[in-house]
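Structure first, then comments.
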Amino acid sequence: MTRRWEYPRPDAGEDPPGPDVDDRTGGGAPSSSRAGDTGAPPRPEEQARAICLRLLTGSPRTRKQLADALAKRGIPDEVAEEVLSRFEDVGLIDDAAFAGAWVESRHHGRGLARRALARELRTKGVDSAVIDEAVGQLDSEQEERTARELVERKLRSTRGLDREKRLRRLAGMLARKGYSEGLALRVVRRALEEEGEDPELLDHLADI
């Protein structure tokens, strides 16, 4: 089964249901067990499916994110495991596809480096082997190209500052996005040199 994976929003969390949502069913449609106002509560399996479907309607989620949501709503572990495994079997949960889409979108959209991307995926419960494969989409050359683009966009706003502040501010921006110190300083020095800064002075500042 082919499923199109779109960029998962970085702020897509398990938001609590609104005041008009029945949290017992995860916000889904009333189950058949409640038809006719019998008063019978939905079975845990029905609740689990409804919760997962509601969350997946907003954006793709990892298995761990869904498992946490089910646990928060009191779904028994064995029921959650069964429902999540079924969702994986039919392709509604795919951590590898999630991680690949996350890396592509967050790198090209936010300029994040492999280290920052891996950290984000770990917080979402993605397995280490899956993370390694996903961030492996990016090589060192691509990271450096992206770092140069980020510096070029930020460079103009630092004009008027002394060279030390410019170097530190630009390198700090790259560091926050997960780039190594060595790469950040190399890219920033090159950009400042192209503007006419003295390479020897820049080397001296970088060593401070």
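For the structure tokens, the naming scheme is as follows: chains receive sequential letters (A, B, ...) according to their order of presentation, residues are indexed from 1 within each chain, and ligands are indexed from 1 in presentation order.
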
Practice problem: Give me the residues within 12 Å of Gly111 (chain A) as a ChimeraX atom specification, counting only C-alpha atoms and dropping any in the same chain fewer than 5 places off. | Solution: /A:103-106,116-117,138,142-151,153,173-179

Quiz item: Pick the closest to Leu84 (chain A) from A:Leu112, A:Ala101, A:Ala96, A:Leu66: which is it, counting only C-alpha atoms?
Solution: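 Under the stated criterion, the closest residue is A:Leu66.
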
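CA of Val130 (chain A) lies 21.9 Å from CA of Glu82 (chain A).
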
Practice problem: Find, counting only C-alpha atoms, the residue in A:Ala118, A:Arg169, A:Asp89, A:Gly100 that gets nearest to Ser157 (chain A). | Solution: A:Arg169

Would you pick out the contacts of region 120-122 of chain A at 12 Å or less, using only C-alpha atoms, so that residues sharing its chain but fewer than 5 positions from it are not included, and give the list as a PDB file with C-alpha atoms, in the first residue's frame?
```pdb
ATOM      1  CA  PRO A   8       5.012  16.525   9.801  1.00  0.00           C
ATOM      2  CA  PRO A  10       7.241  20.410  14.107  1.00  0.00           C
ATOM      3  CA  ASP A  11       4.599  21.656  16.525  1.00  0.00           C
ATOM      4  CA  ARG A  61       2.995  10.351  13.737  1.00  0.00           C
ATOM      5  CA  THR A  62       5.577   7.902  14.932  1.00  0.00           C
ATOM      6  CA  LYS A  64       5.977   6.062  19.928  1.00  0.00           C
ATOM      7  CA  GLN A  65       3.936   9.255  19.698  1.00  0.00           C
ATOM      8  CA  ASP A  95       8.529   5.458  11.150  1.00  0.00           C
ATOM      9  CA  ALA A  96      11.016   5.176   8.275  1.00  0.00           C
ATOM     10  CA  PHE A  98       8.132   9.710   8.766  1.00  0.00           C
ATOM     11  CA  ALA A  99      11.859  10.154   9.448  1.00  0.00           C
ATOM     12  CA  GLY A 100      12.711  10.537   5.763  1.00  0.00           C
ATOM     13  CA  ALA A 101      10.051  13.193   5.232  1.00  0.00           C
ATOM     14  CA  TRP A 102      11.090  14.970   8.424  1.00  0.00           C
ATOM     15  CA  VAL A 103      14.747  15.147   7.391  1.00  0.00           C
ATOM     16  CA  ARG A 106      13.392  20.322   8.078  1.00  0.00           C
ATOM     17  CA  HIS A 107      16.728  20.491   6.272  1.00  0.00           C
ATOM     18  CA  LEU A 112      18.909  22.038  10.125  1.00  0.00           C
ATOM     19  CA  ALA A 113      22.041  19.891  10.092  1.00  0.00           C
ATOM     20  CA  ARG A 114      22.157  16.146  10.628  1.00  0.00           C
ATOM     21  CA  ARG A 115      22.927  16.451  14.317  1.00  0.00           C
ATOM     22  CA  ASP A 127      14.660   4.018  16.467  1.00  0.00           C
ATOM     23  CA  SER A 128      18.375   4.848  16.191  1.00  0.00           C
ATOM     24  CA  ALA A 129      18.883   2.674  13.100  1.00  0.00           C
ATOM     25  CA  VAL A 130      15.976   4.399  11.349  1.00  0.00           C
ATOM     26  CA  ILE A 131      17.378   7.803  12.301  1.00  0.00           C
ATOM     27  CA  ASP A 132      20.803   6.916  10.928  1.00  0.00           C
ATOM     28  CA  GLU A 133      19.274   5.876   7.625  1.00  0.00           C
ATOM     29  CA  ALA A 134      17.145   9.011   7.386  1.00  0.00           C
ATOM     30  CA  VAL A 135      19.897  11.528   8.166  1.00  0.00           C
ATOM     31  CA  LYS A 177      20.992  24.562  13.782  1.00  0.00           C
ATOM     32  CA  GLY A 178      23.273  21.638  14.573  1.00  0.00           C
TER      33      GLY A 178
END
```

Practice problem: Tell me which of A:Asp94, A:Glu181, A:Glu194, A:Asp77 sits closest to Pro60 (chain A), counting only C-alpha atoms. | Solution: A:Asp94

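Of note, CA of Val126 (chain A) and CA of Ala97 (chain A) are spaced 10.9 Å apart.
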
Closest atom pairs, region 65-99 of chain A residues within 8 Å of region 38-54 of chain A, only C-alpha atoms, as CSV:
```
residue,atom,partner,partner_atom,distance
A:Leu66,CA,A:Cys52,CA,6.4
A:Ala69,CA,A:Ile51,CA,7.9
A:Leu70,CA,A:Ala48,CA,6.5
A:Ile75,CA,A:Pro44,CA,6.2
A:Pro76,CA,A:Pro44,CA,7.6
A:Val79,CA,A:Glu45,CA,6.2
A:Ala80,CA,A:Ala48,CA,6.5
A:Val83,CA,A:Arg49,CA,6.6
```

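Across A:Gly172, A:Leu56, A:Arg63, A:Leu155, the tightest approach to Glu193 (chain A) is made by A:Leu155 when counting only C-alpha atoms.
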
Practice problem: For Ala171 (chain A), please output as a PyMOL selection string all residues within 6 Å (counting only C-alpha atoms; exclusion window: fewer than 4 positions along the same chain). | Solution: chain A and resi 167+184-185

Write out the residues from the selection above, keeping N, CA and C atoms, as a JSON list (two decimals), in the first residue's frame.
```
[["chain", "number", "residue", "atom", "x", "y", "z"],
["A", 167, "LEU", "N", 31.44, 37.44, 13.29],
["A", 167, "LEU", "CA", 31.86, 36.04, 13.22],
["A", 167, "LEU", "C", 31.13, 35.21, 14.28],
["A", 184, "ALA", "N", 31.10, 25.56, 10.96],
["A", 184, "ALA", "CA", 30.51, 26.89, 11.09],
["A", 184, "ALA", "C", 31.56, 27.98, 10.93],
["A", 185, "LEU", "N", 32.69, 27.84, 11.62],
["A", 185, "LEU", "CA", 33.74, 28.86, 11.52],
["A", 185, "LEU", "C", 34.32, 28.92, 10.11]]
```

Quiz item: How far is it from CA of Arg110 (chain A) to CA of Lys124 (chain A), in Å with one decimal?
Solution: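 These atoms are spaced 18.0 Å apart.
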